[in-house]
>>> print(open('run12.txt').read())   # compact mmCIF, C-alpha atoms and all ligand atoms
# COMPACT_ATOMS: atom_id res chain seq x y z
CA MET A 208 -17.22 1.56 -24.51
CA ASP A 209 -20.57 2.14 -22.82
CA THR A 210 -20.37 5.64 -21.43
CA THR A 211 -23.85 5.87 -20.00
CA THR A 212 -24.97 3.08 -17.71
CA SER A 213 -23.86 -0.34 -16.57
CA SER A 214 -25.94 -3.25 -15.31
CA PRO A 215 -24.72 -5.20 -12.25
CA HIS A 216 -23.53 -7.96 -14.59
CA ALA A 217 -21.89 -5.77 -17.22
CA ALA A 218 -18.25 -6.48 -18.08
CA PRO A 219 -15.62 -3.88 -17.22
CA ALA A 220 -14.68 -1.49 -20.02
CA TYR A 221 -10.95 -2.25 -19.64
CA LYS A 222 -8.68 -5.23 -19.21
CA ARG A 223 -5.53 -3.37 -18.13
CA ILE A 224 -5.44 0.09 -16.59
CA LEU A 225 -2.85 2.42 -15.20
CA LEU A 226 -4.00 4.30 -12.12
CA LYS A 227 -2.08 7.51 -11.42
CA LEU A 228 -2.28 8.52 -7.78
CA SER A 229 -0.77 11.81 -6.73
CA GLY A 230 1.02 11.72 -3.40
CA GLU A 231 -1.60 14.12 -2.04
CA VAL A 232 -4.32 11.47 -2.19
CA LEU A 233 -2.53 9.55 0.58
CA ALA A 234 -2.21 12.55 2.87
CA GLY A 235 -4.47 13.23 5.84
CA GLU A 236 -4.94 16.26 8.08
CA LYS A 237 -1.75 15.58 10.05
CA ASP A 238 0.19 12.78 8.42
CA VAL A 239 1.88 12.71 5.00
CA ILE A 240 0.55 9.17 4.68
CA ASP A 241 -2.71 8.72 6.54
CA ARG A 242 -3.25 5.02 7.20
CA ALA A 243 -7.06 5.27 7.12
CA VAL A 244 -6.94 7.12 3.80
CA ALA A 245 -4.46 4.61 2.36
CA LEU A 246 -6.73 1.73 3.40
CA GLN A 247 -9.76 3.41 1.89
CA ILE A 248 -7.91 3.80 -1.42
CA ALA A 249 -6.68 0.21 -1.17
CA ARG A 250 -10.27 -1.03 -0.76
CA GLN A 251 -11.36 0.86 -3.88
CA ILE A 252 -8.46 -0.64 -5.82
CA ALA A 253 -9.28 -4.12 -4.49
CA ALA A 254 -12.87 -3.71 -5.70
CA ILE A 255 -11.83 -3.09 -9.31
CA HIS A 256 -9.09 -5.71 -9.12
CA ASN A 257 -11.74 -8.22 -8.07
CA LEU A 258 -13.55 -7.52 -11.35
CA GLY A 259 -10.58 -9.15 -13.09
CA ILE A 260 -8.97 -5.91 -14.26
CA GLU A 261 -5.15 -5.80 -14.36
CA VAL A 262 -4.11 -2.80 -12.28
CA ALA A 263 -0.80 -0.97 -12.50
CA ILE A 264 -0.24 2.12 -10.38
CA VAL A 265 2.12 5.07 -10.64
CA ILE A 266 2.35 6.92 -7.35
CA GLY A 267 3.51 10.53 -6.94
CA GLY A 268 5.43 12.16 -4.12
CA GLY A 269 3.97 15.63 -3.78
CA ASN A 270 2.67 15.01 -0.24
CA ILE A 271 6.31 14.69 0.87
CA TRP A 272 8.50 16.60 -1.57
CA ARG A 273 8.27 18.47 -4.85
CA GLY A 274 11.49 19.18 -6.70
CA LEU A 275 10.33 22.31 -8.49
CA THR A 276 9.12 24.05 -5.31
CA SER A 277 12.41 23.38 -3.54
CA SER A 278 14.50 24.48 -6.52
CA GLN A 279 12.53 27.73 -6.65
CA ALA A 280 13.60 28.24 -3.03
CA GLY A 281 17.24 27.98 -4.15
CA MET A 282 18.03 24.27 -4.06
CA ASP A 283 19.80 22.53 -6.92
CA ARG A 284 16.96 21.24 -9.17
CA THR A 285 18.51 17.86 -9.90
CA THR A 286 19.09 17.08 -6.23
CA ALA A 287 15.59 18.28 -5.37
CA ASP A 288 14.10 16.08 -8.08
CA TYR A 289 15.97 12.99 -6.86
CA MET A 290 14.56 13.70 -3.41
CA GLY A 291 11.10 13.85 -4.98
CA MET A 292 11.65 10.48 -6.65
CA LEU A 293 12.73 8.98 -3.32
CA ALA A 294 9.52 10.37 -1.81
CA THR A 295 7.49 8.34 -4.30
CA ILE A 296 9.25 5.19 -3.08
CA ILE A 297 8.07 5.93 0.47
CA ASN A 298 4.50 6.37 -0.80
CA GLY A 299 4.72 3.20 -2.88
CA LEU A 300 5.68 1.17 0.17
CA GLY A 301 2.85 2.74 2.18
CA LEU A 302 0.38 1.83 -0.55
CA GLN A 303 1.81 -1.68 -0.88
CA ASP A 304 1.27 -2.21 2.83
CA ALA A 305 -2.33 -0.98 2.62
CA LEU A 306 -3.09 -3.19 -0.39
CA GLY A 307 -1.56 -6.19 1.40
CA HIS A 308 -3.84 -5.44 4.34
CA VAL A 309 -6.92 -5.81 2.12
CA GLY A 310 -5.63 -9.06 0.62
CA ILE A 311 -4.14 -7.83 -2.65
CA SER A 312 -0.83 -9.24 -3.82
CA THR A 313 1.52 -6.51 -5.07
CA ARG A 314 4.98 -5.84 -6.42
CA VAL A 315 6.78 -2.52 -6.23
CA GLN A 316 9.01 -1.74 -9.22
CA THR A 317 11.37 1.19 -9.01
CA ALA A 318 13.08 3.30 -11.66
CA ILE A 319 15.94 3.98 -9.21
CA GLU A 320 17.59 0.82 -7.91
CA ILE A 321 17.08 0.22 -4.23
CA LYS A 322 17.64 -3.51 -4.02
CA ASN A 323 16.56 -4.30 -0.49
CA VAL A 324 13.28 -2.50 -0.90
CA ALA A 325 11.84 -3.02 -4.39
CA GLU A 326 12.36 -4.78 -7.70
CA PRO A 327 13.95 -2.78 -10.50
CA PHE A 328 11.57 -1.78 -13.28
CA ILE A 329 11.59 -4.59 -15.85
CA ARG A 330 8.81 -4.30 -18.39
CA GLY A 331 8.39 -8.01 -19.12
CA ARG A 332 8.33 -8.85 -15.46
CA ALA A 333 5.79 -6.12 -14.74
CA ILE A 334 3.48 -7.54 -17.41
CA ARG A 335 3.93 -11.05 -16.02
CA HIS A 336 2.95 -9.83 -12.53
CA LEU A 337 -0.17 -8.21 -13.96
CA GLU A 338 -1.11 -11.38 -15.82
CA LYS A 339 -0.74 -13.31 -12.56
CA GLY A 340 -3.17 -10.96 -10.86
CA ARG A 341 -0.66 -8.88 -8.90
CA VAL A 342 -1.03 -5.14 -8.65
CA VAL A 343 2.21 -3.50 -9.78
CA ILE A 344 3.18 -0.19 -8.15
CA PHE A 345 5.70 1.81 -10.17
CA VAL A 346 7.81 4.17 -8.06
CA ALA A 347 10.68 6.65 -8.52
CA GLY A 348 8.92 8.22 -11.50
CA THR A 349 10.87 7.92 -14.72
CA GLY A 350 14.16 7.80 -12.82
CA ASN A 351 15.14 11.15 -14.35
CA PRO A 352 15.08 14.68 -12.94
CA PHE A 353 13.03 17.35 -14.75
CA PHE A 354 10.15 14.93 -15.24
CA SER A 355 6.97 14.28 -13.27
CA THR A 356 5.15 11.20 -12.13
CA ASP A 357 2.39 12.11 -14.63
CA THR A 358 5.00 11.63 -17.35
CA ALA A 359 6.04 8.38 -15.66
CA ALA A 360 2.37 7.31 -15.86
CA ALA A 361 2.25 8.12 -19.58
CA LEU A 362 5.51 6.25 -20.13
CA ARG A 363 4.63 3.13 -18.13
CA ALA A 364 1.10 3.01 -19.59
CA SER A 365 2.60 3.03 -23.08
CA GLU A 366 5.19 0.41 -22.17
CA ILE A 367 2.80 -2.08 -20.60
CA GLY A 368 -0.02 -1.48 -23.08
CA ALA A 369 -2.51 -0.06 -20.59
CA GLU A 370 -5.74 0.93 -22.34
CA VAL A 371 -6.26 4.06 -20.25
CA ILE A 372 -4.66 6.25 -17.61
CA LEU A 373 -7.01 6.95 -14.73
CA LYS A 374 -5.72 10.07 -13.07
CA ALA A 375 -7.14 10.28 -9.57
CA THR A 376 -7.34 13.76 -8.09
CA LYS A 377 -9.32 15.66 -5.49
CA VAL A 378 -11.27 17.51 -8.22
CA ASP A 379 -14.02 15.98 -10.36
CA GLY A 380 -12.37 16.58 -13.74
CA ILE A 381 -10.65 19.23 -15.81
CA TYR A 382 -11.85 22.85 -15.68
CA ASP A 383 -11.08 25.81 -17.92
CA SER A 384 -9.88 27.69 -14.82
CA ASP A 385 -9.29 26.87 -11.17
CA PRO A 386 -12.74 26.03 -9.70
CA LYS A 387 -11.49 26.95 -6.21
CA LYS A 388 -10.73 30.50 -7.38
CA ASN A 389 -13.36 30.99 -10.10
CA PRO A 390 -16.97 30.02 -9.23
CA ASP A 391 -17.84 30.21 -12.97
CA ALA A 392 -15.14 27.72 -13.98
CA LYS A 393 -16.46 25.30 -16.61
CA ARG A 394 -15.81 21.56 -16.38
CA TYR A 395 -15.05 19.66 -19.58
CA ASP A 396 -16.75 16.28 -20.14
CA LYS A 397 -14.12 15.59 -22.76
CA ILE A 398 -11.26 17.43 -24.35
CA THR A 399 -8.60 16.61 -26.95
CA TYR A 400 -4.89 16.34 -26.15
CA ILE A 401 -4.28 19.31 -28.44
CA GLU A 402 -6.84 21.48 -26.63
CA ALA A 403 -5.36 20.48 -23.27
CA LEU A 404 -1.88 21.39 -24.51
CA ARG A 405 -2.97 24.60 -26.23
CA ASN A 406 -4.86 25.83 -23.16
CA ARG A 407 -1.93 24.80 -20.94
CA LEU A 408 -4.34 23.08 -18.55
CA ALA A 409 -2.53 22.62 -15.27
CA VAL A 410 -3.91 19.15 -14.56
CA MET A 411 -0.91 17.46 -16.22
CA ASP A 412 2.37 18.76 -17.60
CA SER A 413 2.83 19.08 -21.35
CA THR A 414 5.37 16.23 -21.56
CA ALA A 415 2.80 13.83 -20.10
CA PHE A 416 0.00 15.06 -22.40
CA SER A 417 2.26 14.82 -25.48
CA LEU A 418 3.41 11.30 -24.68
CA CYS A 419 -0.21 10.18 -24.25
CA MET A 420 -1.14 11.89 -27.51
CA ASP A 421 1.72 10.30 -29.47
CA ASN A 422 0.95 6.84 -28.09
CA LYS A 423 -2.85 7.23 -28.16
CA VAL A 424 -3.36 6.56 -24.47
CA PRO A 425 -6.63 8.16 -23.28
CA ILE A 426 -6.67 9.82 -19.87
CA ILE A 427 -9.64 10.08 -17.53
CA VAL A 428 -9.29 12.66 -14.78
CA PHE A 429 -11.69 12.00 -11.92
CA ASP A 430 -12.31 12.56 -8.22
CA MET A 431 -11.05 9.55 -6.25
CA PHE A 432 -12.72 10.81 -3.09
CA ARG A 433 -16.19 9.91 -4.32
CA GLU A 434 -16.02 6.27 -3.35
CA GLU A 435 -17.98 4.83 -6.26
CA ASN A 436 -16.07 6.78 -8.91
CA LEU A 437 -13.17 4.40 -9.55
CA HIS A 438 -15.58 1.50 -9.97
CA ASP A 439 -17.87 3.56 -12.23
CA VAL A 440 -14.95 4.67 -14.41
CA VAL A 441 -13.75 1.12 -15.06
CA MET A 442 -17.33 0.06 -15.84
CA GLY A 443 -17.33 2.65 -18.62
CA LYS A 444 -19.62 5.21 -16.98
CA ARG A 445 -18.99 8.80 -17.92
CA VAL A 446 -17.17 10.22 -14.88
CA GLY A 447 -14.77 13.18 -14.74
CA THR A 448 -13.08 14.40 -17.92
CA LEU A 449 -11.88 12.23 -20.80
CA VAL A 450 -8.77 13.41 -22.67
CA SER A 451 -8.33 11.72 -26.05
CA ASP A 452 -7.72 12.49 -29.71
CA LYS A 453 -11.42 12.98 -30.55
N1 LIG A 501 10.26 13.48 -10.07
C1 LIG A 501 11.31 13.51 -10.97
N2 LIG A 501 11.27 12.70 -12.07
C2 LIG A 501 10.22 11.88 -12.33
C3 LIG A 501 9.13 11.88 -11.43
C4 LIG A 501 9.17 12.67 -10.30
O1 LIG A 501 12.27 14.24 -10.78
O2 LIG A 501 10.25 11.15 -13.34
C5 LIG A 501 10.34 14.28 -8.82
C6 LIG A 501 9.94 15.74 -8.99
O3 LIG A 501 10.78 16.53 -8.18
C7 LIG A 501 8.52 15.79 -8.46
C8 LIG A 501 8.58 14.78 -7.33
O4 LIG A 501 9.45 13.76 -7.85
O5 LIG A 501 8.15 17.07 -7.98
C9 LIG A 501 7.26 14.18 -6.93
O6 LIG A 501 6.54 13.77 -8.08
P1 LIG A 501 5.19 14.52 -8.56
O7 LIG A 501 5.31 15.99 -8.28
O8 LIG A 501 4.93 14.12 -9.95
O9 LIG A 501 4.15 13.86 -7.57
P2 LIG A 501 2.58 14.08 -7.43
O10 LIG A 501 2.26 15.53 -7.80
O11 LIG A 501 1.92 13.15 -8.39
O12 LIG A 501 2.28 13.74 -6.02
>>> encode(input="run12.txt", output="structure tokens")
Amino acid sequence: MDTTTSSPHAAPAYKRILLKLSGEVLAGEKDVIDRAVALQIARQIAAIHNLGIEVAIVIGGGNIWRGLTSSQAGMDRTTADYMGMLATIINGLGLQDALGHVGISTRVQTAIEIKNVAEPFIRGRAIRHLEKGRVVIFVAGTGNPFFSTDTAAALRASEIGAEVILKATKVDGIYDSDPKKNPDAKRYDKITYIEALRNRLAVMDSTAFSLCMDNKVPIIVFDMFREENLHDVVMGKRVGTLVSDK
């Protein structure tokens, strides 16, 4: 992989990627799903799709509901987590609509059956969609409480043979402490899974990191709000923080 520069005619660094979008990336000032923001994200996805890259997406639900927060306020954790998974379905449909608007053909596959709304998750069918040039949006996380959509991303990436997880956030990589609270926080260019686990870096939960480590799926954490970033990442430019075994 070329991690320095790319000429206008260079080939993308990946053939199949899994893009992890947290629910927060869809949110605006007022709305849980801001249409303008969703369209802007859709355009960035369309740009990399047009390079011939197969794009699968796992979408989170944190802009609408987080199970852990609600269980800490006294709600039954399992119920709260199912509500969180349903929230991801809402986001998935919002993203599907935005992608359709910019001319991208999509399929939504859900880990919790909801027949009138989305296909069930079927691995072989998901791969077929990707091969046919459709963007596949995986929703409802893993379908199990006590997990996160980051873990769903690690799981689906392993299942479909994605070469990398691109974790889009509002921060430009992984820091050794919270850059909003500590002005001296240091950003890592790269870090190993073990270091990420040992330092309990909050960017992903330990289940997600471990699954990526066991299945050798690299993760790139980057800022999706710098418009050129997604394109630069898939072209192999060094953007954000790379988490891998080296
Ligand atoms: N969730 C779950 N199992 C999963 C994935 C998600 O129970 O496999 C629930 C959990 O309550 C979580 C919520 O769905 O808080 C929303 O997902 P997440 O917090 O991962 O979304 P993100 O932070 O990416 O927006």
>>> residues_near_ligand(input="run12.txt", ligand="ligand LIG 501 (chain A)", cutoff="9 Å", atoms="only C-alpha atoms and all ligand atoms", output="count of residues only")
47
>>> atom_distance(input="run12.txt", atom1="atom CA of Phe345 of chain A", atom2="atom CA of Val315 of chain A")
6.0 Å
>>> atom_distance(input="run12.txt", atom1="atom CA of Ile381 of chain A", atom2="atom CA of Val428 of chain A")
6.8 Å
>>> closest_residue(input="run12.txt", among="A:Ile329, A:Val324, A:Ile426, A:Val309", to="Leu226 of chain A", atoms="all atoms listed in the file")
A:Ile426
>>> closest_residue(input="run12.txt", among="A:Glu366, A:Met431, A:Tyr221, A:Val424", to="Gly443 of chain A", atoms="all atoms listed in the file")
A:Tyr221
>>> atom_distance(input="run12.txt", atom1="atom CA of Gly235 of chain A", atom2="atom CA of His308 of chain A")
18.7 Å
>>> closest_residue(input="run12.txt", among="A:Ala392, A:Val371, A:Leu337, A:Val446", to="His256 of chain A", atoms="all atoms listed in the file")
A:Leu337
>>> closest_residue(input="run12.txt", among="A:Ser365, A:Asp385, A:Leu373, A:Gln247", to="Asp421 of chain A", atoms="only C-alpha atoms")
A:Ser365
>>> closest_residue(input="run12.txt", among="A:Ala220, A:Met411, A:Leu302, A:Ala234", to="Val342 of chain A", atoms="all atoms listed in the file")
A:Leu302
>>> closest_residue(input="run12.txt", among="A:Ile334, A:Val239, A:Val441, A:Ile321", to="Leu258 of chain A", atoms="only C-alpha atoms")
A:Val441
>>> build_atoms(input="run12.txt", residues="segment 370-381 of chain A", atoms="all heavy atoms", output="CSV table (one decimal), keeping the file's coordinate frame")
chain,number,residue,atom,x,y,z
A,370,GLU,N,-4.8,0.3,-21.4
A,370,GLU,CA,-5.7,0.9,-22.3
A,370,GLU,C,-6.1,2.4,-22.0
A,370,GLU,O,-6.7,3.1,-22.8
A,370,GLU,CB,-7.0,0.1,-22.3
A,370,GLU,CG,-6.8,-1.3,-22.8
A,370,GLU,CD,-7.8,-2.3,-22.3
A,370,GLU,OE1,-8.9,-2.3,-22.8
A,370,GLU,OE2,-7.6,-2.9,-21.2
A,371,VAL,N,-5.8,2.7,-20.7
A,371,VAL,CA,-6.3,4.1,-20.2
A,371,VAL,C,-5.4,4.4,-19.0
A,371,VAL,O,-5.0,3.6,-18.3
A,371,VAL,CB,-7.8,4.0,-19.9
A,371,VAL,CG1,-8.1,3.2,-18.7
A,371,VAL,CG2,-8.3,5.4,-19.7
A,372,ILE,N,-5.2,5.7,-18.9
A,372,ILE,CA,-4.7,6.2,-17.6
A,372,ILE,C,-5.8,6.8,-16.8
A,372,ILE,O,-6.5,7.7,-17.3
A,372,ILE,CB,-3.6,7.3,-17.8
A,372,ILE,CG1,-2.4,6.7,-18.5
A,372,ILE,CG2,-3.2,8.0,-16.5
A,372,ILE,CD1,-1.3,7.7,-18.9
A,373,LEU,N,-6.0,6.4,-15.6
A,373,LEU,CA,-7.0,7.0,-14.7
A,373,LEU,C,-6.3,7.8,-13.7
A,373,LEU,O,-5.5,7.4,-12.9
A,373,LEU,CB,-7.8,5.8,-14.0
A,373,LEU,CG,-8.4,4.8,-14.9
A,373,LEU,CD1,-9.2,3.8,-14.1
A,373,LEU,CD2,-9.4,5.4,-15.9
A,374,LYS,N,-6.4,9.1,-13.9
A,374,LYS,CA,-5.7,10.1,-13.1
A,374,LYS,C,-6.6,10.5,-11.9
A,374,LYS,O,-7.6,11.3,-12.1
A,374,LYS,CB,-5.2,11.3,-13.9
A,374,LYS,CG,-4.4,12.2,-13.0
A,374,LYS,CD,-3.8,13.3,-13.8
A,374,LYS,CE,-3.4,14.5,-12.9
A,374,LYS,NZ,-2.4,14.3,-11.9
A,375,ALA,N,-6.3,10.0,-10.7
A,375,ALA,CA,-7.1,10.3,-9.6
A,375,ALA,C,-6.7,11.6,-8.9
A,375,ALA,O,-5.5,11.8,-8.7
A,375,ALA,CB,-7.0,9.1,-8.6
A,376,THR,N,-7.7,12.5,-8.7
A,376,THR,CA,-7.3,13.8,-8.1
A,376,THR,C,-8.4,14.0,-7.0
A,376,THR,O,-9.2,13.2,-6.7
A,376,THR,CB,-7.4,14.9,-9.1
A,376,THR,OG1,-8.7,15.0,-9.6
A,376,THR,CG2,-6.5,14.7,-10.3
A,377,LYS,N,-8.3,15.3,-6.5
A,377,LYS,CA,-9.3,15.7,-5.5
A,377,LYS,C,-10.4,16.5,-6.1
A,377,LYS,O,-11.2,17.1,-5.5
A,377,LYS,CB,-8.6,16.4,-4.3
A,377,LYS,CG,-7.8,15.5,-3.5
A,377,LYS,CD,-7.2,16.3,-2.3
A,377,LYS,CE,-6.6,15.3,-1.3
A,377,LYS,NZ,-5.9,15.9,-0.2
A,378,VAL,N,-10.3,16.7,-7.5
A,378,VAL,CA,-11.3,17.5,-8.2
A,378,VAL,C,-12.0,16.6,-9.2
A,378,VAL,O,-11.4,15.6,-9.7
A,378,VAL,CB,-10.5,18.7,-9.0
A,378,VAL,CG1,-11.5,19.6,-9.6
A,378,VAL,CG2,-9.6,19.4,-8.1
A,379,ASP,N,-13.2,16.9,-9.6
A,379,ASP,CA,-14.0,16.0,-10.4
A,379,ASP,C,-13.8,16.1,-11.9
A,379,ASP,O,-14.8,15.9,-12.6
A,379,ASP,CB,-15.5,16.1,-10.0
A,379,ASP,CG,-16.1,17.5,-10.3
A,379,ASP,OD1,-15.3,18.4,-10.5
A,379,ASP,OD2,-17.3,17.6,-10.2
A,380,GLY,N,-12.6,16.5,-12.3
A,380,GLY,CA,-12.4,16.6,-13.7
A,380,GLY,C,-11.5,17.8,-14.1
A,380,GLY,O,-10.9,18.4,-13.2
A,381,ILE,N,-11.5,18.1,-15.4
A,381,ILE,CA,-10.6,19.2,-15.8
A,381,ILE,C,-11.5,20.4,-16.0
A,381,ILE,O,-12.6,20.3,-16.7
A,381,ILE,CB,-9.9,18.9,-17.1
A,381,ILE,CG1,-9.1,17.6,-16.9
A,381,ILE,CG2,-9.0,20.1,-17.6
A,381,ILE,CD1,-8.3,17.2,-18.2
